[in-house]
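K.L.:
model.cif is the file, holding mmCIF, C-alpha atoms and all ligand atoms:
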```cif
data_start
loop_
_atom_site.label_atom_id
_atom_site.label_comp_id
_atom_site.auth_asym_id
_atom_site.auth_seq_id
_atom_site.Cartn_x
_atom_site.Cartn_y
_atom_site.Cartn_z
CA MET X 8 -24.23 -74.71 -15.74
CA ARG X 9 -26.77 -71.88 -15.65
CA VAL X 10 -26.81 -69.81 -12.49
CA ALA X 11 -30.25 -68.28 -13.06
CA PRO X 12 -31.90 -70.36 -10.31
CA LEU X 13 -29.55 -68.78 -7.77
CA ARG X 14 -31.34 -65.50 -8.37
CA VAL X 15 -34.73 -66.98 -7.51
CA PRO X 16 -35.72 -65.98 -3.95
CA GLY X 17 -35.44 -68.84 -1.49
CA PHE X 18 -33.51 -71.22 -3.77
CA ARG X 19 -30.07 -70.50 -2.31
CA ARG X 20 -31.20 -71.33 1.20
CA LEU X 21 -32.99 -74.46 0.05
CA ALA X 22 -29.89 -75.61 -1.88
CA THR X 23 -27.62 -74.83 1.08
CA THR X 24 -29.74 -76.75 3.55
CA TYR X 25 -30.19 -79.62 1.09
CA THR X 26 -26.40 -79.92 0.80
CA LEU X 27 -25.82 -79.57 4.55
CA ASN X 28 -28.49 -82.20 5.10
CA GLU X 29 -26.46 -84.67 3.08
CA LEU X 30 -23.28 -83.76 5.00
CA CYS X 31 -25.19 -84.25 8.24
CA TRP X 32 -26.26 -87.68 7.09
CA SER X 33 -22.60 -88.69 6.69
CA PHE X 34 -21.59 -87.14 10.01
CA GLY X 35 -24.45 -88.68 11.93
CA THR X 36 -24.41 -92.11 10.34
CA ILE X 37 -20.67 -92.69 10.54
CA ALA X 38 -20.40 -91.43 14.12
CA LEU X 39 -23.45 -93.40 15.20
CA ALA X 40 -22.28 -96.58 13.46
CA LEU X 41 -18.90 -96.33 15.20
CA ALA X 42 -20.59 -95.63 18.54
CA VAL X 43 -22.88 -98.66 18.17
CA PHE X 44 -20.04 -100.90 17.00
CA HIS X 45 -17.87 -99.65 19.83
CA ARG X 46 -20.62 -100.42 22.36
CA THR X 47 -21.65 -103.83 20.98
CA GLY X 48 -18.73 -105.10 18.90
CA SER X 49 -21.48 -106.52 16.67
CA ALA X 50 -21.64 -106.11 12.90
CA LEU X 51 -25.30 -107.18 13.07
CA ALA X 52 -26.17 -104.40 15.51
CA THR X 53 -24.48 -101.91 13.19
CA THR X 54 -26.42 -103.33 10.25
CA LEU X 55 -29.63 -102.95 12.24
CA LEU X 56 -28.70 -99.32 12.79
CA PHE X 57 -28.40 -98.75 9.03
CA LEU X 58 -31.77 -100.41 8.50
CA ALA X 59 -33.18 -98.14 11.20
CA THR X 60 -31.91 -95.00 9.47
CA THR X 61 -33.01 -95.92 5.94
CA PHE X 62 -35.30 -98.93 5.43
CA PHE X 63 -37.86 -98.62 8.24
CA PRO X 64 -38.25 -94.83 8.00
CA ALA X 65 -39.01 -95.20 4.30
CA LEU X 66 -42.18 -97.07 5.25
CA VAL X 67 -43.66 -94.18 7.26
CA ALA X 68 -42.12 -91.21 5.46
CA PRO X 69 -44.64 -90.99 2.54
CA ALA X 70 -47.62 -90.57 4.88
CA LEU X 71 -45.71 -88.04 6.97
CA THR X 72 -44.66 -86.13 3.85
CA ALA X 73 -48.24 -85.99 2.55
CA ARG X 74 -49.37 -84.54 5.88
CA LEU X 75 -46.60 -81.95 6.17
CA ASP X 76 -46.99 -81.01 2.51
CA GLN X 77 -50.06 -79.02 3.60
CA VAL X 78 -47.99 -76.86 5.94
CA PRO X 79 -46.11 -73.83 4.54
CA VAL X 80 -42.45 -74.68 3.94
CA ARG X 81 -41.27 -71.81 6.12
CA ARG X 82 -42.81 -73.57 9.08
CA ALA X 83 -42.45 -77.24 8.13
CA LEU X 84 -38.77 -77.39 7.15
CA PRO X 85 -37.35 -75.44 10.13
CA ALA X 86 -39.51 -77.58 12.43
CA LEU X 87 -38.16 -80.77 10.83
CA TYR X 88 -34.55 -79.60 11.09
CA LEU X 89 -35.06 -78.49 14.69
CA CYS X 90 -36.45 -81.93 15.38
CA GLU X 91 -33.33 -83.50 13.84
CA ALA X 92 -31.12 -81.16 15.89
CA ALA X 93 -32.89 -82.29 19.05
CA LEU X 94 -32.66 -85.97 18.09
CA PHE X 95 -28.94 -85.75 17.34
CA GLY X 96 -28.39 -83.69 20.49
CA ALA X 97 -30.01 -86.52 22.46
CA ILE X 98 -28.01 -89.16 20.57
CA ALA X 99 -24.77 -87.25 21.26
CA ALA X 100 -25.59 -86.93 24.96
CA LEU X 101 -26.65 -90.58 25.31
CA SER X 102 -24.20 -92.21 22.90
CA THR X 103 -21.98 -93.65 25.63
CA THR X 104 -24.54 -94.36 28.33
CA ALA X 105 -28.01 -95.25 26.99
CA PRO X 106 -28.92 -98.78 25.86
CA VAL X 107 -28.11 -99.32 22.20
CA GLN X 108 -31.83 -99.95 21.52
CA VAL X 109 -32.53 -96.35 22.54
CA LEU X 110 -29.90 -95.06 20.12
CA VAL X 111 -31.35 -97.17 17.31
CA ALA X 112 -34.87 -95.90 18.10
CA LEU X 113 -33.67 -92.29 18.00
CA ALA X 114 -31.85 -92.99 14.70
CA LEU X 115 -35.06 -94.48 13.29
CA ALA X 116 -37.04 -91.38 14.22
CA ASP X 117 -34.39 -89.18 12.63
CA GLY X 118 -34.36 -91.33 9.49
CA ALA X 119 -38.08 -90.67 8.97
CA VAL X 120 -37.72 -86.94 9.57
CA ALA X 121 -34.72 -86.77 7.22
CA ILE X 122 -36.61 -88.38 4.32
CA VAL X 123 -39.52 -85.98 4.77
CA GLY X 124 -37.11 -83.03 4.89
CA ARG X 125 -35.52 -84.05 1.57
CA ALA X 126 -38.91 -84.58 -0.09
CA LEU X 127 -40.28 -81.22 1.09
CA THR X 128 -37.10 -79.46 -0.01
CA ARG X 129 -37.33 -80.91 -3.54
CA ALA X 130 -41.03 -79.95 -3.72
CA ALA X 131 -40.25 -76.44 -2.48
CA VAL X 132 -37.45 -76.08 -5.03
CA ALA X 133 -39.83 -77.12 -7.81
CA ALA X 134 -42.45 -74.63 -6.59
CA ALA X 135 -39.84 -71.85 -6.40
CA LEU X 136 -38.20 -72.45 -9.78
CA GLU X 137 -41.06 -73.59 -12.04
CA PRO X 138 -42.58 -70.13 -12.56
CA SER X 139 -39.26 -68.73 -13.83
CA GLY X 140 -38.54 -71.78 -16.01
CA THR X 141 -35.32 -72.50 -14.12
CA LEU X 142 -36.31 -75.82 -12.58
CA ALA X 143 -34.14 -77.97 -14.85
CA ALA X 144 -31.05 -75.82 -14.17
CA GLY X 145 -31.89 -75.75 -10.45
CA ASN X 146 -32.21 -79.54 -10.33
CA LYS X 147 -28.80 -79.92 -11.97
CA LEU X 148 -27.30 -77.52 -9.44
CA LEU X 149 -28.89 -79.40 -6.56
CA ASN X 150 -27.62 -82.71 -7.90
CA VAL X 151 -24.07 -81.35 -8.14
CA CYS X 152 -24.25 -80.05 -4.54
CA PHE X 153 -25.68 -83.38 -3.41
CA SER X 154 -22.97 -85.38 -5.20
CA VAL X 155 -20.15 -83.27 -3.75
CA ALA X 156 -21.60 -83.63 -0.23
CA PHE X 157 -22.22 -87.34 -0.79
CA ALA X 158 -18.63 -87.92 -1.99
CA THR X 159 -16.81 -85.80 0.56
CA GLY X 160 -19.13 -86.16 3.58
CA PRO X 161 -17.87 -89.56 4.78
CA ALA X 162 -14.22 -88.44 4.50
CA ILE X 163 -14.90 -85.22 6.45
CA ALA X 164 -16.97 -87.10 9.01
CA GLY X 165 -14.24 -89.72 9.37
CA LEU X 166 -11.65 -87.02 10.03
CA VAL X 167 -13.88 -85.31 12.62
CA VAL X 168 -14.56 -88.61 14.41
CA ALA X 169 -10.84 -89.51 14.33
CA ALA X 170 -9.86 -86.10 15.69
CA ALA X 171 -12.65 -85.41 18.20
CA GLY X 172 -14.57 -88.63 18.78
CA THR X 173 -18.08 -89.84 18.01
CA ALA X 174 -19.89 -87.65 20.57
CA ALA X 175 -18.28 -84.52 19.09
CA SER X 176 -19.24 -85.55 15.55
CA LEU X 177 -22.82 -86.17 16.67
CA GLY X 178 -22.80 -82.77 18.41
CA VAL X 179 -21.60 -81.12 15.18
CA THR X 180 -24.49 -82.83 13.38
CA ALA X 181 -27.01 -81.45 15.90
CA GLY X 182 -25.47 -77.97 15.53
CA LEU X 183 -25.64 -78.10 11.74
CA PHE X 184 -29.30 -79.08 11.83
CA ALA X 185 -30.05 -76.20 14.21
CA LEU X 186 -28.23 -73.83 11.82
CA MET X 187 -30.33 -75.12 8.91
CA ALA X 188 -33.54 -74.53 10.89
CA VAL X 189 -32.50 -70.93 11.60
CA LEU X 190 -31.48 -70.34 7.96
CA LEU X 191 -34.88 -71.41 6.67
CA ALA X 192 -36.95 -69.83 9.44
CA ALA X 193 -35.26 -66.49 8.73
CA SER X 194 -36.10 -66.65 5.01
CA ARG X 195 -39.08 -64.58 3.88
CA SER X 196 -39.19 -65.99 0.38
CA LEU X 197 -39.76 -69.71 0.69
CA PRO X 198 -42.61 -71.00 -1.48
CA ALA X 199 -45.30 -73.42 -0.35
CA ALA X 200 -44.08 -77.00 -0.87
CA HIS X 201 -47.40 -77.79 -2.50
CA GLY X 202 -47.25 -74.71 -4.68
CA ASN X 203 -48.58 -75.20 -8.19
CA GLY X 204 -46.58 -73.48 -10.89
CA ASP X 205 -47.30 -69.78 -10.86
CA ARG X 206 -50.16 -70.18 -8.38
CA PHE X 207 -49.83 -69.86 -4.66
CA SER X 208 -51.70 -71.29 -1.75
CA HIS X 209 -51.10 -68.95 1.17
CA LEU X 210 -51.00 -65.26 1.98
CA VAL X 211 -48.99 -63.65 4.74
CA LEU X 212 -50.94 -60.77 6.26
CA LYS X 213 -48.79 -58.30 8.13
CA ASP X 214 -50.18 -55.97 10.77
CA ILE X 215 -47.76 -53.08 10.42
CA LYS X 216 -48.67 -51.45 13.73
CA ALA X 217 -48.76 -54.60 15.85
CA LYS X 218 -45.76 -56.03 13.91
CA THR X 219 -47.45 -59.42 13.70
CA THR X 220 -47.98 -61.70 10.73
CA ARG X 221 -50.70 -64.24 10.02
CA GLU X 222 -50.87 -66.83 7.25
CA ILE X 223 -54.17 -67.67 5.56
CA GLU X 224 -55.02 -69.99 2.71
CA ALA X 225 -55.93 -68.31 -0.58
CA ASP X 226 -56.18 -69.25 -4.24
CA VAL X 227 -55.99 -65.79 -5.72
CA VAL X 228 -55.58 -62.12 -4.83
CA LEU X 229 -57.66 -59.49 -6.59
CA PRO X 230 -56.26 -56.03 -5.82
CA MET X 231 -59.26 -53.72 -6.13
CA LEU X 232 -57.95 -50.43 -4.83
CA GLY X 233 -56.15 -47.46 -6.14
CA PHE X 234 -55.90 -43.70 -6.00
CA VAL X 235 -55.39 -42.90 -9.68
CA SER X 236 -58.33 -42.60 -12.07
CA ASP X 237 -57.83 -44.05 -15.53
CA ILE X 238 -61.04 -43.91 -17.49
CA GLY X 239 -59.63 -45.46 -20.64
CA PRO X 240 -61.88 -45.32 -23.73
CA ILE X 241 -64.53 -43.33 -21.82
CA ALA X 242 -62.24 -40.36 -22.42
CA GLU X 243 -63.43 -40.45 -26.05
CA TRP X 244 -67.15 -40.29 -25.21
CA GLY X 245 -67.41 -36.51 -25.38
CA MET X 246 -67.80 -35.79 -21.68
CA THR X 247 -66.13 -32.86 -19.92
CA LEU X 248 -62.88 -34.11 -18.42
CA GLU X 249 -60.37 -32.73 -15.99
CA LYS X 250 -57.21 -34.75 -15.23
CA ASP X 251 -58.84 -38.04 -16.20
CA GLU X 252 -61.92 -37.34 -14.07
CA ILE X 253 -65.40 -36.55 -15.34
CA VAL X 254 -66.54 -33.04 -14.52
CA VAL X 255 -70.18 -33.07 -13.37
CA ASN X 256 -72.60 -30.35 -12.28
CA GLN X 257 -74.87 -30.39 -9.23
CA VAL X 258 -77.16 -33.00 -10.85
CA MET X 259 -74.26 -35.23 -11.93
CA GLU X 260 -74.55 -34.35 -15.64
CA THR X 261 -71.32 -35.09 -17.50
CA GLY X 262 -71.40 -32.58 -20.31
CA ARG X 263 -72.78 -35.16 -22.73
CA ALA X 264 -76.56 -35.25 -22.91
CA GLY X 265 -78.09 -38.41 -21.45
CA VAL X 266 -74.97 -39.47 -19.56
CA TRP X 267 -74.66 -39.08 -15.78
CA ALA X 268 -71.79 -40.11 -13.57
CA ALA X 269 -71.23 -40.73 -9.88
CA GLY X 270 -68.46 -41.80 -7.54
CA ASP X 271 -64.71 -41.43 -7.56
CA VAL X 272 -64.56 -40.97 -11.32
CA THR X 273 -66.33 -37.61 -11.00
CA THR X 274 -65.09 -34.22 -9.96
CA TYR X 275 -66.70 -30.92 -8.93
CA PRO X 276 -65.82 -28.16 -6.47
CA GLY X 277 -65.74 -29.64 -2.97
CA LYS X 278 -65.69 -33.23 -4.22
CA LEU X 279 -64.96 -35.81 -1.50
CA LYS X 280 -63.90 -39.31 -2.53
CA LEU X 281 -65.86 -41.17 0.11
CA ILE X 282 -68.24 -44.12 -0.05
CA ALA X 283 -71.10 -42.09 1.47
CA CYS X 284 -70.65 -39.31 -1.12
CA GLY X 285 -70.62 -41.87 -3.94
CA PHE X 286 -73.94 -43.29 -2.75
CA GLY X 287 -75.52 -39.82 -2.65
CA GLU X 288 -74.18 -38.93 -6.08
CA ALA X 289 -75.51 -42.20 -7.50
CA ALA X 290 -79.00 -41.45 -6.12
CA THR X 291 -78.93 -37.98 -7.68
CA ALA X 292 -77.64 -39.28 -11.03
CA VAL X 293 -80.16 -42.13 -11.27
CA ASN X 294 -83.15 -39.91 -10.42
CA GLN X 295 -82.07 -37.35 -13.00
CA ALA X 296 -81.56 -40.06 -15.60
CA VAL X 297 -85.04 -41.51 -14.99
CA HIS X 298 -86.53 -38.07 -15.45
CA TRP X 299 -84.54 -37.61 -18.70
CA ILE X 300 -85.74 -40.95 -20.08
CA TYR X 301 -89.33 -40.49 -18.83
CA PRO X 302 -89.93 -36.71 -18.80
CA GLU X 303 -93.41 -37.26 -17.37
CA LYS X 304 -91.87 -38.67 -14.17
CA LYS X 305 -90.89 -36.11 -11.56
CA VAL X 306 -87.54 -36.09 -9.86
CA ALA X 307 -89.08 -37.43 -6.71
CA PRO X 308 -87.26 -40.41 -5.28
CA GLY X 309 -89.24 -43.04 -3.45
CA HIS X 310 -88.54 -43.60 0.22
CA SER X 311 -87.84 -47.04 1.57
CA SER X 312 -90.10 -46.16 4.52
CA ASN X 313 -92.99 -46.03 2.01
CA MET X 314 -92.39 -49.56 0.79
CA ALA X 315 -95.04 -52.27 1.26
CA ILE X 316 -92.71 -54.16 3.54
CA PHE X 317 -93.15 -51.33 6.05
CA GLY X 318 -96.97 -51.48 5.84
CA GLN X 319 -97.59 -48.95 3.05
CA LYS X 320 -100.69 -49.83 0.98
CA ASP X 321 -100.69 -49.38 -2.84
CA ASP X 322 -102.08 -45.97 -3.79
C1 LIG X 401 -57.07 -47.57 -0.02
C2 LIG X 401 -58.38 -46.85 0.05
C3 LIG X 401 -59.04 -46.77 1.25
C4 LIG X 401 -60.26 -46.09 1.34
N1 LIG X 401 -60.90 -46.04 2.54
C5 LIG X 401 -62.10 -45.42 2.63
C6 LIG X 401 -62.83 -45.37 3.86
O1 LIG X 401 -62.37 -45.87 4.87
N2 LIG X 401 -64.04 -44.77 3.88
C7 LIG X 401 -64.59 -44.20 2.77
O2 LIG X 401 -65.71 -43.70 2.83
N3 LIG X 401 -63.92 -44.24 1.59
C8 LIG X 401 -62.70 -44.83 1.48
N4 LIG X 401 -62.02 -44.87 0.30
C9 LIG X 401 -62.65 -44.26 -0.86
C10 LIG X 401 -63.71 -45.21 -1.41
O3 LIG X 401 -63.15 -46.50 -1.57
C11 LIG X 401 -64.18 -44.70 -2.72
O4 LIG X 401 -64.66 -43.39 -2.55
C12 LIG X 401 -65.32 -45.55 -3.26
O5 LIG X 401 -64.90 -46.90 -3.39
C13 LIG X 401 -65.71 -45.05 -4.65
O6 LIG X 401 -66.67 -45.93 -5.19
P1 LIG X 401 -66.87 -46.00 -6.75
O7 LIG X 401 -67.93 -47.02 -6.97
O8 LIG X 401 -67.04 -44.64 -7.30
O9 LIG X 401 -65.47 -46.51 -7.36
P2 LIG X 401 -64.72 -47.86 -7.11
O10 LIG X 401 -65.02 -48.42 -5.76
O11 LIG X 401 -63.29 -47.58 -7.45
O12 LIG X 401 -65.36 -48.86 -8.16
C14 LIG X 401 -65.10 -48.71 -9.54
C15 LIG X 401 -65.13 -50.11 -10.12
O13 LIG X 401 -65.11 -50.03 -11.53
C16 LIG X 401 -64.21 -50.96 -12.03
N5 LIG X 401 -63.73 -50.50 -13.32
C17 LIG X 401 -62.83 -49.52 -13.59
N6 LIG X 401 -62.69 -49.40 -14.91
C18 LIG X 401 -63.50 -50.29 -15.48
C19 LIG X 401 -63.79 -50.62 -16.83
N7 LIG X 401 -63.22 -50.00 -17.84
N8 LIG X 401 -64.70 -51.58 -17.04
C20 LIG X 401 -65.30 -52.23 -16.01
N9 LIG X 401 -65.05 -51.95 -14.72
C21 LIG X 401 -64.18 -50.99 -14.46
C22 LIG X 401 -63.11 -51.01 -10.99
O14 LIG X 401 -62.43 -52.23 -11.08
C23 LIG X 401 -63.92 -50.92 -9.70
O15 LIG X 401 -64.34 -52.18 -9.25
C24 LIG X 401 -60.80 -45.52 0.19
C25 LIG X 401 -60.12 -45.61 -1.03
C26 LIG X 401 -58.95 -46.26 -1.09
C27 LIG X 401 -58.25 -46.37 -2.41
#
```
What would the structure in this file look like if it were written as structure tokens?
P.N.:
Amino acid sequence: MRVAPLRVPGFRRLATTYTLNELCWSFGTIALALAVFHRTGSALATTLLFLATTFFPALVAPALTARLDQVPVRRALPALYLCEAALFGAIAALSTTAPVQVLVALALADGAVAIVGRALTRAAVAAALEPSGTLAAGNKLLNVCFSVAFATGPAIAGLVVAAAGTAASLGVTAGLFALMAVLLAASRSLPAAHGNGDRFSHLVLKDIKAKTTREIEADVVLPMLGFVSDIGPIAEWGMTLEKDEIVVNQVMETGRAGVWAAGDVTTYPGKLKLIACGFGEAATAVNQAVHWIYPEKKVAPGHSSNMAIFGQKDD
């Protein structure tokens, strides 16, 4: 078994919660089944409970999954697990007093949430592992974890119920779900469930001073800033250079006849790398270039205040 997926950010937490989820299913289902059977003495009521936790939720889960698939995993999965913690907390508190119908209704709600949680986890795992080519290995690892939890969960749950009772087992289930919610909410590296290979769908903007974060949808990031000039092949064009910057004179001449430069790429005594300076340098360079191309034209820039739009008539 390859362990490469374990090095992918976010995968370990997703695998841990996926495994715990399966354990929780055993804990919750066995304790709840015993509680219902104890209250009703009816095999049919217990069967109805199983249908409520698996069959009926399966009818609503796809629509719910499609809706939550649009929400970033870091928000959706902890919310789902918190919801399950609350549901099992309620079931544990009401297991001996509330009408059995209430318990079955709560189990049905949890069944739907549980299916969505599994689906989102598998989608998030795929989004996390696909870019590094470790999805196949990750799936195998997940399946092993799932099988171990599936095989041992009922035995562990049975022991807990025998030792501490159904309410305690249901309480343990609620606690485990709460732990899973915290584990995922604290992770900074979960991918979007609807991530697409090496593409992403959201950005997290962090305000360093206010210490707040904000998520926005985005298809791509184009970093367009930097402090280091790298003029590449222009270095071979015969201009005067100084530390990868083009040395210009007061009229933005570069040292090669007919070539002017402006902006951050240039340097001269007192140079300021500011937007306003770049604009001024560009105006100087362009006017000088026009004069070089058309010697008959004077270096006399037009003023926008002389434009027709401001009422100036053609001369
Ligand atoms: C983080 C940061 C913050 C700043 N904040 C301020 C501020 O608040 N106020 C202010 O006045 N100034 C600020 N500046 C400085 C200001 O951004 C620059 O002075 C200004 O952008 C320079 O404009 P420019 O057109 O000369 O160069 P740039 O804005 O760098 O534009 C050069 C463009 O050429 C492109 N390019 C590079 N090589 C090639 C190539 N081989 N082929 C094709 N395209 C190429 C680059 O991608 C880039 O888009 C800041 C700079 C940085 C880095």
K.L.:
Select, from X:Pro230, X:Gly160, X:Phe18, X:Ala38, the residue with the minimum atom-to-atom distance to X:Val132, counting only C-alpha atoms.
P.N.:
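The shortest atom-to-atom distance to X:Val132 comes from X:Phe18.
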K.L.:
Dump the neighbourhood of ligand LIG 401 (chain X) as a list in words: all residues within 9 Å, distances computed on all atoms listed in the file.
P.N.:
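Listing the residues within 9 Å of ligand LIG 401 (chain X) gives Pro230, Met231, Leu232, Gly233, Phe234, Val235, Ser236, Asp237, Ile238, Gly239, Pro240, Ile241, Ala269, Gly270, Asp271, Val272, Thr273, Leu279, Lys280, Leu281, Ile282, Ala283, Cys284, Gly285, Phe286 and Ala289 of chain X.
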K.L.:
List every residue of stretch 166-251 of chain X that has an atom at most 7 Å from any atom of stretch 95-98 of chain X, giving for each one its closest atom pair and the distance in Å to one decimal, counting all atoms listed in the file, sorted by chain and then by ascending residue number, as a Markdown table.
P.N.:
```
| residue | atom | partner | partner_atom | distance |
| --- | --- | --- | --- | --- |
| X:Leu177 | CA | X:Phe95 | CA | 6.2 |
| X:Gly178 | CA | X:Gly96 | CA | 6.0 |
| X:Thr180 | CA | X:Phe95 | CA | 6.6 |
| X:Ala181 | CA | X:Phe95 | CA | 4.9 |
```
K.L.:
Return the single residue from X:Asn28, X:Asp214, X:Ala164, X:Leu197 that is closest to X:Ala133, with distances computed using only C-alpha atoms.
P.N.:
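Closest to X:Ala133 of all the choices is X:Leu197.
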K.L.:
What lies within 8 Å of X:Thr274 using only C-alpha atoms, ignoring chain neighbours under 6 positions off, as a list in words?
P.N.:
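Residues near the query, excluding close chain neighbours: Glu249, Glu252, Ile253, Val254 and Val255 of chain X.
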